[in-house]
$ cat my_file-v8.cif   # mmCIF, C-alpha atoms
data_data
#
loop_
_atom_site.group_PDB
_atom_site.id
_atom_site.type_symbol
_atom_site.label_atom_id
_atom_site.label_comp_id
_atom_site.auth_asym_id
_atom_site.auth_seq_id
_atom_site.Cartn_x
_atom_site.Cartn_y
_atom_site.Cartn_z
ATOM 1 C CA MET C 28 -17.565 -140.078 -111.360
ATOM 2 C CA ALA C 29 -18.638 -142.992 -109.141
ATOM 3 C CA SER C 30 -15.017 -143.957 -108.655
ATOM 4 C CA SER C 31 -14.149 -140.413 -107.555
ATOM 5 C CA ASP C 32 -17.042 -140.386 -105.092
ATOM 6 C CA GLY C 33 -15.867 -143.711 -103.661
ATOM 7 C CA GLU C 34 -12.340 -142.405 -103.189
ATOM 8 C CA ASN C 35 -13.689 -139.316 -101.443
ATOM 9 C CA ARG C 36 -15.777 -141.452 -99.099
ATOM 10 C CA ASP C 37 -12.734 -143.626 -98.312
ATOM 11 C CA ALA C 38 -10.641 -140.535 -97.617
ATOM 12 C CA GLU C 39 -13.297 -139.125 -95.280
ATOM 13 C CA GLN C 40 -13.594 -142.475 -93.483
ATOM 14 C CA ASN C 41 -9.826 -142.679 -93.058
ATOM 15 C CA ARG C 42 -9.729 -139.113 -91.755
ATOM 16 C CA ALA C 43 -12.516 -139.826 -89.262
ATOM 17 C CA GLU C 44 -10.749 -142.959 -87.988
ATOM 18 C CA ILE C 45 -7.472 -141.089 -87.516
ATOM 19 C CA ILE C 46 -9.106 -138.146 -85.719
ATOM 20 C CA ASP C 47 -11.020 -140.567 -83.463
ATOM 21 C CA GLN C 48 -7.728 -142.264 -82.590
ATOM 22 C CA LEU C 49 -6.096 -138.899 -81.914
ATOM 23 C CA GLU C 50 -8.862 -137.974 -79.463
ATOM 24 C CA ARG C 51 -8.606 -141.425 -77.834
ATOM 25 C CA ILE C 52 -4.888 -140.888 -77.231
ATOM 26 C CA LEU C 53 -5.291 -137.344 -75.897
ATOM 27 C CA ARG C 54 -8.000 -138.497 -73.441
ATOM 28 C CA SER C 55 -5.902 -141.366 -72.095
ATOM 29 C CA HIS C 56 -4.115 -140.991 -68.747
ATOM 30 C CA GLU C 57 -1.397 -143.281 -70.147
ATOM 31 C CA PHE C 58 -0.421 -140.677 -72.755
ATOM 32 C CA GLN C 59 1.978 -138.710 -70.607
ATOM 33 C CA ALA C 60 2.730 -135.441 -72.350
ATOM 34 C CA PRO C 61 2.468 -131.774 -71.322
ATOM 35 C CA ASP C 62 -0.050 -129.396 -72.868
ATOM 36 C CA ARG C 63 2.339 -128.103 -75.515
ATOM 37 C CA GLY C 64 3.184 -131.681 -76.482
ATOM 38 C CA ARG C 65 -0.505 -132.419 -76.942
ATOM 39 C CA ARG C 66 -0.865 -129.299 -79.087
ATOM 40 C CA PHE C 67 2.108 -130.492 -81.133
ATOM 41 C CA LEU C 68 0.524 -133.919 -81.740
ATOM 42 C CA ARG C 69 -2.872 -132.474 -82.657
ATOM 43 C CA TYR C 70 -1.306 -129.988 -85.078
ATOM 44 C CA VAL C 71 0.855 -132.469 -86.985
ATOM 45 C CA VAL C 72 -1.931 -135.073 -87.202
ATOM 46 C CA GLU C 73 -4.535 -132.596 -88.462
ATOM 47 C CA GLU C 74 -2.108 -131.146 -90.998
ATOM 48 C CA ALA C 75 -1.239 -134.643 -92.242
ATOM 49 C CA VAL C 76 -4.841 -135.881 -92.630
ATOM 50 C CA ASP C 77 -5.663 -132.696 -94.521
ATOM 51 C CA ALA C 78 -2.848 -133.486 -97.000
ATOM 52 C CA ARG C 79 -0.554 -130.704 -95.812
ATOM 53 C CA SER C 80 2.359 -132.839 -94.663
ATOM 54 C CA GLU C 81 4.785 -130.773 -96.757
ATOM 55 C CA ARG C 82 4.144 -127.856 -94.373
ATOM 56 C CA LEU C 83 5.303 -129.823 -91.326
ATOM 57 C CA THR C 84 8.696 -128.185 -90.961
ATOM 58 C CA ALA C 85 10.386 -127.090 -87.734
ATOM 59 C CA TYR C 86 9.846 -123.449 -88.738
ATOM 60 C CA ASN C 87 6.086 -123.784 -89.298
ATOM 61 C CA ILE C 88 5.540 -125.952 -86.217
ATOM 62 C CA ALA C 89 7.483 -123.521 -84.000
ATOM 63 C CA GLN C 90 5.263 -120.655 -85.095
ATOM 64 C CA ALA C 91 1.936 -122.501 -85.052
ATOM 65 C CA VAL C 92 2.405 -124.523 -81.845
ATOM 66 C CA PHE C 93 5.029 -122.785 -79.723
ATOM 67 C CA GLY C 94 4.353 -119.167 -80.630
ATOM 68 C CA ARG C 95 7.820 -118.451 -82.006
ATOM 69 C CA GLY C 96 8.333 -115.430 -84.238
ATOM 70 C CA ALA C 97 9.428 -115.076 -87.828
ATOM 71 C CA ASP C 98 13.068 -114.986 -86.685
ATOM 72 C CA PHE C 99 12.910 -118.571 -85.366
ATOM 73 C CA ASP C 100 16.100 -120.563 -86.028
ATOM 74 C CA ALA C 101 15.875 -124.342 -85.574
ATOM 75 C CA GLN C 102 19.658 -124.604 -85.165
ATOM 76 C CA SER C 103 19.799 -122.345 -82.108
ATOM 77 C CA ASP C 104 16.361 -123.253 -80.692
ATOM 78 C CA PRO C 105 15.750 -127.063 -80.731
ATOM 79 C CA VAL C 106 12.289 -126.838 -79.145
ATOM 80 C CA VAL C 107 10.544 -128.624 -82.041
ATOM 81 C CA ARG C 108 13.075 -131.448 -82.226
ATOM 82 C CA ILE C 109 12.974 -131.981 -78.453
ATOM 83 C CA GLU C 110 9.174 -131.983 -78.345
ATOM 84 C CA ALA C 111 9.010 -134.406 -81.288
ATOM 85 C CA GLY C 112 11.276 -136.799 -79.381
ATOM 86 C CA ARG C 113 9.121 -136.457 -76.279
ATOM 87 C CA ILE C 114 5.892 -137.173 -78.183
ATOM 88 C CA ARG C 115 7.535 -140.071 -80.036
ATOM 89 C CA ARG C 116 8.336 -141.701 -76.682
ATOM 90 C CA ALA C 117 4.910 -140.869 -75.236
ATOM 91 C CA LEU C 118 3.230 -142.589 -78.201
ATOM 92 C CA GLU C 119 5.485 -145.632 -77.822
ATOM 93 C CA ARG C 120 4.538 -145.872 -74.156
ATOM 94 C CA TYR C 121 0.818 -145.407 -74.861
ATOM 95 C CA TYR C 122 0.700 -148.232 -77.398
ATOM 96 C CA LEU C 123 2.853 -150.436 -75.175
ATOM 97 C CA VAL C 124 0.761 -149.934 -72.028
ATOM 98 C CA CYS C 125 -2.859 -149.708 -73.164
ATOM 99 C CA GLY C 126 -3.202 -148.965 -76.869
ATOM 100 C CA ARG C 127 -1.796 -152.046 -78.556
ATOM 101 C CA ASP C 128 -5.293 -153.170 -79.642
ATOM 102 C CA ASP C 129 -6.406 -149.755 -80.897
ATOM 103 C CA PRO C 130 -7.672 -149.812 -84.497
ATOM 104 C CA VAL C 131 -5.257 -147.100 -85.692
ATOM 105 C CA HIS C 132 -1.609 -146.677 -84.721
ATOM 106 C CA ILE C 133 -0.075 -143.203 -84.970
ATOM 107 C CA THR C 134 3.700 -142.906 -85.039
ATOM 108 C CA ILE C 135 6.195 -140.152 -85.772
ATOM 109 C CA PRO C 136 9.210 -141.631 -87.587
ATOM 110 C CA LYS C 137 12.600 -140.468 -86.368
ATOM 111 C CA GLY C 138 14.006 -137.592 -88.382
ATOM 112 C CA HIS C 139 10.534 -136.459 -89.501
ATOM 113 C CA TYR C 140 7.643 -134.434 -88.115
ATOM 114 C CA ALA C 141 4.926 -135.829 -90.385
ATOM 115 C CA PRO C 142 3.086 -138.660 -88.575
ATOM 116 C CA ARG C 143 2.397 -142.087 -90.038
ATOM 117 C CA PHE C 144 -0.952 -143.868 -89.688
ATOM 118 C CA GLU C 145 -1.627 -147.605 -89.810
ATOM 119 C CA ARG C 146 -4.922 -149.419 -89.457
ATOM 120 C CA ARG C 147 -4.446 -152.580 -87.415
ATOM 121 C CA ALA C 148 -6.427 -155.547 -88.739
ATOM 122 C CA LEU C 149 -6.554 -157.627 -85.553
ATOM 123 C CA ALA C 150 -8.129 -160.708 -87.084
ATOM 124 C CA GLU C 151 -5.515 -161.024 -89.798
ATOM 125 C CA GLY C 152 -2.619 -159.552 -87.786
ATOM 126 C CA ALA C 153 -1.835 -157.161 -90.646
ATOM 127 C CA ALA C 154 -1.405 -153.415 -90.884
ATOM 128 C CA THR C 155 -2.802 -151.134 -93.579
ATOM 129 C CA ARG C 156 -1.374 -147.706 -94.303
ATOM 130 C CA LEU C 157 -3.897 -144.889 -93.918
ATOM 131 C CA GLY C 158 -3.872 -141.335 -95.136
ATOM 132 C CA PRO C 159 -2.676 -139.700 -98.338
ATOM 133 C CA ARG C 160 0.439 -141.056 -100.055
ATOM 134 C CA SER C 161 2.367 -138.821 -102.357
ATOM 135 C CA GLY C 162 3.594 -140.311 -105.600
ATOM 136 C CA GLU C 163 1.570 -143.524 -105.263
ATOM 137 C CA ALA C 164 -1.286 -144.677 -107.445
ATOM 138 C CA SER C 165 -3.595 -147.595 -106.987
ATOM 139 C CA ALA C 166 -3.260 -150.476 -109.429
ATOM 140 C CA PRO C 167 -5.842 -150.251 -112.224
ATOM 141 C CA ALA C 168 -8.587 -152.781 -112.227
ATOM 142 C CA GLN C 169 -8.277 -155.460 -114.899
ATOM 143 C CA PRO C 170 -11.504 -155.888 -116.830
ATOM 144 C CA GLY C 171 -12.849 -159.363 -117.328
ATOM 145 C CA ARG C 172 -11.276 -160.832 -114.181
ATOM 146 C CA SER C 173 -13.575 -161.743 -111.324
ATOM 147 C CA ALA C 174 -12.674 -161.454 -107.662
ATOM 148 C CA ARG C 175 -12.902 -165.244 -107.234
ATOM 149 C CA ARG C 176 -11.106 -167.504 -109.667
ATOM 150 C CA PRO C 177 -12.698 -170.967 -110.017
ATOM 151 C CA GLY C 178 -10.366 -173.858 -110.546
ATOM 152 C CA TYR C 179 -8.263 -176.081 -108.330
ATOM 153 C CA ARG C 180 -9.667 -174.522 -105.145
ATOM 154 C CA ASP C 181 -13.058 -176.031 -105.963
ATOM 155 C CA LEU C 182 -11.460 -179.479 -105.793
ATOM 156 C CA LEU C 183 -9.992 -179.048 -102.318
ATOM 157 C CA VAL C 184 -13.099 -180.165 -100.417
ATOM 158 C CA PRO C 185 -14.283 -183.141 -102.553
ATOM 159 C CA VAL C 186 -10.754 -184.458 -103.112
ATOM 160 C CA GLY C 187 -8.628 -183.124 -100.246
ATOM 161 C CA VAL C 188 -10.840 -184.191 -97.309
ATOM 162 C CA PRO C 189 -11.120 -187.900 -98.308
ATOM 163 C CA LEU C 190 -7.379 -187.883 -98.996
ATOM 164 C CA VAL C 191 -6.622 -186.604 -95.488
ATOM 165 C CA PHE C 192 -8.771 -189.323 -93.901
ATOM 166 C CA ALA C 193 -7.094 -191.965 -96.019
ATOM 167 C CA VAL C 194 -3.627 -190.841 -94.889
ATOM 168 C CA LEU C 195 -4.702 -190.804 -91.240
ATOM 169 C CA ALA C 196 -6.105 -194.307 -91.547
ATOM 170 C CA MET C 197 -2.820 -195.580 -92.975
ATOM 171 C CA LEU C 198 -0.801 -193.903 -90.206
ATOM 172 C CA ALA C 199 -3.091 -195.382 -87.539
ATOM 173 C CA LEU C 200 -2.288 -198.850 -88.783
ATOM 174 C CA ILE C 201 1.426 -198.226 -88.391
ATOM 175 C CA ARG C 202 1.460 -196.208 -85.171
ATOM 176 C CA PRO C 203 -1.272 -195.076 -82.755
ATOM 177 C CA LEU C 204 -2.574 -191.636 -83.694
ATOM 178 C CA GLU C 205 -2.034 -190.254 -80.191
ATOM 179 C CA ASP C 206 1.742 -190.734 -80.640
ATOM 180 C CA TYR C 207 1.680 -188.104 -83.366
ATOM 181 C CA LEU C 208 -0.340 -185.622 -81.332
ATOM 182 C CA THR C 209 1.411 -185.986 -77.954
ATOM 183 C CA PRO C 210 4.715 -184.122 -77.624
ATOM 184 C CA PRO C 211 7.724 -186.205 -76.560
ATOM 185 C CA PRO C 212 8.476 -186.283 -72.814
ATOM 186 C CA GLY C 213 10.582 -183.376 -71.629
ATOM 187 C CA ARG C 214 9.701 -181.135 -74.600
ATOM 188 C CA PRO C 215 7.403 -178.268 -73.531
ATOM 189 C CA THR C 216 4.531 -177.173 -75.702
ATOM 190 C CA ALA C 217 4.491 -173.679 -77.212
ATOM 191 C CA ALA C 218 2.116 -172.423 -74.521
ATOM 192 C CA GLN C 219 4.282 -173.867 -71.757
ATOM 193 C CA GLY C 220 7.379 -172.298 -73.286
ATOM 194 C CA GLN C 221 5.772 -168.879 -73.218
ATOM 195 C CA ALA C 222 4.581 -169.321 -69.635
ATOM 196 C CA ASP C 223 8.091 -170.343 -68.507
ATOM 197 C CA GLY C 224 9.721 -167.211 -69.961
ATOM 198 C CA VAL C 225 10.819 -164.103 -68.111
ATOM 199 C CA ARG C 226 8.226 -161.529 -67.075
ATOM 200 C CA ILE C 227 9.527 -158.208 -65.752
ATOM 201 C CA LEU C 228 7.128 -155.828 -64.026
ATOM 202 C CA VAL C 229 8.494 -152.284 -64.365
ATOM 203 C CA GLU C 230 7.149 -150.206 -61.500
ATOM 204 C CA PRO C 231 7.054 -146.387 -61.676
ATOM 205 C CA ILE C 232 10.353 -144.827 -60.652
ATOM 206 C CA ALA C 233 9.944 -142.804 -57.458
ATOM 207 C CA VAL C 234 11.184 -139.218 -57.260
ATOM 208 C CA LEU C 235 12.990 -138.150 -54.080
ATOM 209 C CA GLY C 236 13.535 -134.439 -53.467
ATOM 210 C CA ALA C 237 13.358 -133.527 -57.137
ATOM 211 C CA PRO C 238 13.377 -129.977 -58.493
ATOM 212 C CA ALA C 239 10.757 -128.708 -60.916
ATOM 213 C CA GLY C 240 10.495 -131.146 -63.810
ATOM 214 C CA GLY C 241 12.000 -134.046 -61.858
ATOM 215 C CA ALA C 242 8.848 -136.157 -62.095
ATOM 216 C CA GLU C 243 8.845 -135.731 -65.868
ATOM 217 C CA ILE C 244 12.475 -136.871 -66.053
ATOM 218 C CA ALA C 245 11.616 -139.959 -63.987
ATOM 219 C CA ARG C 246 8.665 -140.819 -66.247
ATOM 220 C CA GLY C 247 10.835 -140.424 -69.333
ATOM 221 C CA LEU C 248 13.468 -142.731 -67.860
ATOM 222 C CA ASN C 249 10.758 -145.228 -66.909
ATOM 223 C CA ASP C 250 9.418 -145.220 -70.475
ATOM 224 C CA GLN C 251 12.897 -145.598 -71.942
ATOM 225 C CA ILE C 252 13.643 -148.645 -69.784
ATOM 226 C CA ILE C 253 10.305 -150.222 -70.758
ATOM 227 C CA SER C 254 10.929 -149.553 -74.448
ATOM 228 C CA GLN C 255 14.419 -151.076 -74.400
ATOM 229 C CA LEU C 256 13.441 -154.096 -72.278
ATOM 230 C CA THR C 257 10.925 -155.077 -74.947
ATOM 231 C CA THR C 258 13.831 -155.658 -77.364
ATOM 232 C CA LEU C 259 15.186 -158.556 -75.258
ATOM 233 C CA ALA C 260 14.320 -161.967 -76.694
ATOM 234 C CA GLY C 261 12.146 -164.096 -74.415
ATOM 235 C CA VAL C 262 11.279 -161.224 -72.054
ATOM 236 C CA VAL C 263 7.691 -160.050 -71.503
ATOM 237 C CA VAL C 264 7.485 -156.528 -70.084
ATOM 238 C CA LEU C 265 4.620 -155.673 -67.732
ATOM 239 C CA THR C 266 3.443 -152.403 -66.222
ATOM 240 C CA PRO C 267 1.144 -151.970 -63.195
ATOM 241 C CA ALA C 268 -1.734 -151.269 -65.590
ATOM 242 C CA SER C 269 -1.162 -154.493 -67.556
ATOM 243 C CA SER C 270 -0.148 -156.910 -64.765
ATOM 244 C CA LYS C 271 -3.458 -157.514 -62.989
ATOM 245 C CA ARG C 272 -3.231 -161.272 -63.620
ATOM 246 C CA ALA C 273 0.377 -161.593 -62.426
ATOM 247 C CA THR C 274 0.793 -163.090 -58.953
ATOM 248 C CA ALA C 275 3.660 -162.511 -56.551
ATOM 249 C CA THR C 276 4.481 -166.238 -56.434
ATOM 250 C CA GLU C 277 4.501 -166.689 -60.214
ATOM 251 C CA THR C 278 7.626 -168.429 -61.476
ATOM 252 C CA GLY C 279 9.752 -166.268 -63.753
ATOM 253 C CA LEU C 280 8.206 -162.991 -62.557
ATOM 254 C CA PHE C 281 10.581 -160.181 -61.560
ATOM 255 C CA ALA C 282 9.943 -156.611 -60.409
ATOM 256 C CA LEU C 283 12.133 -153.653 -61.342
ATOM 257 C CA GLN C 284 11.943 -150.862 -58.766
ATOM 258 C CA GLY C 285 13.912 -147.690 -58.197
ATOM 259 C CA ASN C 286 14.129 -143.995 -57.482
ATOM 260 C CA VAL C 287 15.857 -140.879 -58.734
ATOM 261 C CA THR C 288 17.393 -138.093 -56.664
ATOM 262 C CA PHE C 289 18.901 -134.758 -57.684
ATOM 263 C CA GLU C 290 21.889 -133.042 -56.112
ATOM 264 C CA ASP C 291 22.904 -129.726 -57.691
ATOM 265 C CA ASP C 292 23.764 -130.736 -61.280
ATOM 266 C CA ALA C 293 23.991 -134.471 -60.496
ATOM 267 C CA LEU C 294 21.351 -137.096 -61.228
ATOM 268 C CA HIS C 295 21.392 -140.286 -59.143
ATOM 269 C CA VAL C 296 19.358 -143.295 -60.262
ATOM 270 C CA GLN C 297 19.048 -146.265 -57.869
ATOM 271 C CA LEU C 298 17.480 -149.444 -59.313
ATOM 272 C CA ARG C 299 16.960 -153.003 -58.111
ATOM 273 C CA LEU C 300 15.541 -156.187 -59.658
ATOM 274 C CA MET C 301 13.646 -158.504 -57.318
ATOM 275 C CA ARG C 302 12.439 -162.060 -57.754
ATOM 276 C CA SER C 303 8.717 -161.807 -56.968
ATOM 277 C CA ALA C 304 8.364 -165.391 -55.745
ATOM 278 C CA ASP C 305 10.560 -164.845 -52.651
ATOM 279 C CA GLY C 306 11.375 -161.106 -52.668
ATOM 280 C CA ARG C 307 15.092 -161.715 -53.137
ATOM 281 C CA VAL C 308 17.056 -158.863 -54.749
ATOM 282 C CA ILE C 309 19.099 -160.398 -57.567
ATOM 283 C CA TRP C 310 20.537 -157.148 -58.940
ATOM 284 C CA ALA C 311 20.934 -153.587 -57.689
ATOM 285 C CA LYS C 312 22.933 -150.663 -59.003
ATOM 286 C CA ARG C 313 23.278 -146.906 -58.724
ATOM 287 C CA PHE C 314 23.886 -144.747 -61.786
ATOM 288 C CA ASP C 315 25.352 -141.265 -61.307
ATOM 289 C CA HIS C 316 25.360 -138.673 -64.090
ATOM 290 C CA ASP C 317 26.331 -135.027 -64.390
ATOM 291 C CA THR C 318 23.482 -133.161 -66.076
ATOM 292 C CA THR C 319 25.508 -130.040 -66.906
ATOM 293 C CA GLY C 320 25.052 -129.281 -70.599
ATOM 294 C CA GLN C 321 23.354 -132.641 -71.125
ATOM 295 C CA ASN C 322 20.317 -133.229 -73.293
ATOM 296 C CA LEU C 323 17.869 -134.990 -70.978
ATOM 297 C CA PHE C 324 16.569 -137.270 -73.731
ATOM 298 C CA ASP C 325 20.088 -138.425 -74.562
ATOM 299 C CA LEU C 326 20.746 -138.920 -70.854
ATOM 300 C CA GLN C 327 17.616 -141.050 -70.472
ATOM 301 C CA ASP C 328 18.626 -143.107 -73.522
ATOM 302 C CA ALA C 329 22.121 -143.666 -72.126
ATOM 303 C CA ILE C 330 20.874 -144.765 -68.690
ATOM 304 C CA GLY C 331 18.179 -147.003 -70.199
ATOM 305 C CA THR C 332 20.738 -148.698 -72.441
ATOM 306 C CA ARG C 333 23.080 -149.403 -69.512
ATOM 307 C CA VAL C 334 20.269 -150.722 -67.315
ATOM 308 C CA VAL C 335 18.909 -153.118 -69.938
ATOM 309 C CA LYS C 336 22.396 -154.319 -70.878
ATOM 310 C CA GLU C 337 23.146 -155.229 -67.273
ATOM 311 C CA ILE C 338 19.765 -156.894 -66.718
ATOM 312 C CA ALA C 339 20.227 -158.994 -69.861
ATOM 313 C CA ALA C 340 23.539 -160.279 -68.466
ATOM 314 C CA ILE C 341 22.036 -161.492 -65.157
ATOM 315 C CA GLY C 342 22.258 -165.274 -64.957
ATOM 316 C CA GLU C 343 18.633 -165.884 -63.970
ATOM 317 C CA ILE C 344 17.316 -163.615 -66.719
ATOM 318 C CA LYS C 345 19.618 -165.079 -69.356
ATOM 319 C CA ASP C 346 18.833 -168.685 -68.422
ATOM 320 C CA ALA C 347 15.069 -168.133 -68.162
ATOM 321 C CA SER C 348 14.766 -166.112 -71.361
ATOM 322 C CA HIS C 349 16.911 -168.567 -73.334
ATOM 323 C CA PRO C 350 16.091 -172.006 -71.882
ATOM 324 C CA ARG C 351 18.402 -174.878 -72.706
ATOM 325 C CA ASP C 352 17.147 -177.655 -74.971
#
$ encode --input "my_file-v8.cif" --output "structure tokens"
Amino acid sequence: MASSDGENRDAEQNRAEIIDQLERILRSHEFQAPDRGRRFLRYVVEEAVDARSERLTAYNIAQAVFGRGADFDAQSDPVVRIEAGRIRRALERYYLVCGRDDPVHITIPKGHYAPRFERRALAEGAATRLGPRSGEASAPAQPGRSARRPGYRDLLVPVGVPLVFAVLAMLALIRPLEDYLTPPPGRPTAAQGQADGVRILVEPIAVLGAPAGGAEIARGLNDQIISQLTTLAGVVVLTPASSKRATATETGLFALQGNVTFEDDALHVQLRLMRSADGRVIWAKRFDHDTTGQNLFDLQDAIGTRVVKEIAAIGEIKDASHPRD
């Protein structure tokens, strides 16, 4: 009975942590989603923490969140799939911009509507799965085995410490100790290597003469570029909210700026990459796309992929992000 009570308390604690994180996300200005997207996130999270993940189908979500009728057909009306993609990107942006140190991370895996919860253990750098798991059982406790096993670990301090000092004394006789601790000339330390890498500040994309919904398209494109830039090795991505310590003269700092304009069914995206130290434009390009019959999420993905591919090929970015030995 005590074990059952403990499991219930753990479940309630997990539920409280997840709901607190949900409210934290919904209150944040960095979680950029419309009202119906927020209703979508609240619904799927609350259903999941109450062990009703099996009910999270497109049909049920369409009726509960979007007010669709019993004749709803997910094949002809992709509203749930589109909103899931929007919320997936909004969550990625939230955790990238301001929520990376939050105690609980909420994600919606692609191809699913049921969210996934992970508790972030910052001290250990590990993640623990929260929430109910179907088909999983905890390992039974083994009687007679204590949490701490005495043995060789008890010998580490009385034997290991004198042994370390003895080895250091022998090395000091052969070669000065500072030679082992000082890196060879010309080889940067780990901290220096990180400081010398590429830092790209992605500024919000401006909207020029956009129709209704144009600002939302620009934000989605901005988020997609940020998300894909983070996949480049040696590149640190900054946003205005996370770049307070970056200075304009900092070596290796670049700024990505741009705007979007709309003309009938055409979308024009103008972007430029500037070196912050001297304001020199090292790359600029215009992307033109016909939006007729296009899924805006797919269009944002396609533009983001092209932008990041071209930025990765720029000589200064390639050389700085992959320094020569």
$ resolve_selection --input "my_file-v8.cif" --expression "the PyMOL selection byres ((chain C and resi 83-97) around 10)" --output "MDAnalysis selection string"
chainID C and resid 63:72 74:75 79:82 98:102 104:108 111 139:142
$ atom_distance --input "my_file-v8.cif" --atom1 "CA of Glu39 in chain C" --atom2 "CA of Tyr121 in chain C"
25.6 Å
$ resolve_selection --input "my_file-v8.cif" --expression "the PyMOL selection byres ((chain C and resi 59) around 9)" --output "list in words"
Ser55, His56, Glu57, Phe58, Ala60, Pro61, Ile114, Ala117, Leu118, Arg120, Tyr121, Glu243 and Arg246 of chain C
$ atom_distance --input "my_file-v8.cif" --atom1 "CA of Val264 in chain C" --atom2 "CA of Leu228 in chain C"
6.1 Å
$ atom_distance --input "my_file-v8.cif" --atom1 "CA of Asp250 in chain C" --atom2 "CA of Val225 in chain C"
19.1 Å
$ residues_around --input "my_file-v8.cif" --residues "range 302-315 of chain C" --least-positions-apart "2" --cutoff "8 Å" --atoms "only C-alpha atoms" --output "list in words"
Ala275, Thr276, Glu277, Thr278, Gly279, Leu280, Phe281, Ala282, Ala293, Leu294, His295, Val296, Gln297, Leu298, Arg299, Leu300, Asp317, Ile330, Ile338 and Ile341 of chain C
$ build_atoms --input "my_file-v8.cif" --residues "range 95-110 of chain C" --atoms "N, CA and C atoms" --output "compact mmCIF listing (two decimals), in the coordinates of the input"
# COMPACT_ATOMS: atom_id res chain seq x y z
N ARG C 95 6.57 -119.11 -81.66
CA ARG C 95 7.82 -118.45 -82.01
C ARG C 95 7.57 -117.44 -83.12
N GLY C 96 8.48 -116.48 -83.24
CA GLY C 96 8.33 -115.43 -84.24
C GLY C 96 8.95 -115.80 -85.57
N ALA C 97 8.91 -114.83 -86.48
CA ALA C 97 9.43 -115.08 -87.83
C ALA C 97 10.94 -115.24 -87.83
N ASP C 98 11.61 -114.85 -86.76
CA ASP C 98 13.07 -114.99 -86.68
C ASP C 98 13.50 -116.32 -86.08
N PHE C 99 12.58 -117.27 -85.97
CA PHE C 99 12.91 -118.57 -85.37
C PHE C 99 14.01 -119.27 -86.16
N ASP C 100 14.99 -119.82 -85.43
CA ASP C 100 16.10 -120.56 -86.03
C ASP C 100 16.17 -121.93 -85.36
N ALA C 101 15.90 -122.98 -86.13
CA ALA C 101 15.88 -124.34 -85.57
C ALA C 101 17.24 -124.78 -85.07
N GLN C 102 18.32 -124.21 -85.60
CA GLN C 102 19.66 -124.60 -85.16
C GLN C 102 19.96 -124.11 -83.75
N SER C 103 19.52 -122.90 -83.43
CA SER C 103 19.80 -122.34 -82.11
C SER C 103 18.68 -122.61 -81.11
N ASP C 104 17.50 -122.97 -81.57
CA ASP C 104 16.36 -123.25 -80.69
C ASP C 104 15.78 -124.62 -81.06
N PRO C 105 16.17 -125.70 -80.35
CA PRO C 105 15.75 -127.06 -80.73
C PRO C 105 14.40 -127.47 -80.15
N VAL C 106 13.53 -126.52 -79.84
CA VAL C 106 12.29 -126.84 -79.14
C VAL C 106 11.45 -127.84 -79.92
N VAL C 107 11.39 -127.72 -81.25
CA VAL C 107 10.54 -128.62 -82.04
C VAL C 107 11.14 -130.03 -82.03
N ARG C 108 12.44 -130.13 -82.22
CA ARG C 108 13.08 -131.45 -82.23
C ARG C 108 12.93 -132.14 -80.88
N ILE C 109 13.10 -131.39 -79.79
CA ILE C 109 12.97 -131.98 -78.45
C ILE C 109 11.54 -132.44 -78.20
N GLU C 110 10.57 -131.61 -78.58
CA GLU C 110 9.17 -131.98 -78.34
C GLU C 110 8.77 -133.18 -79.21
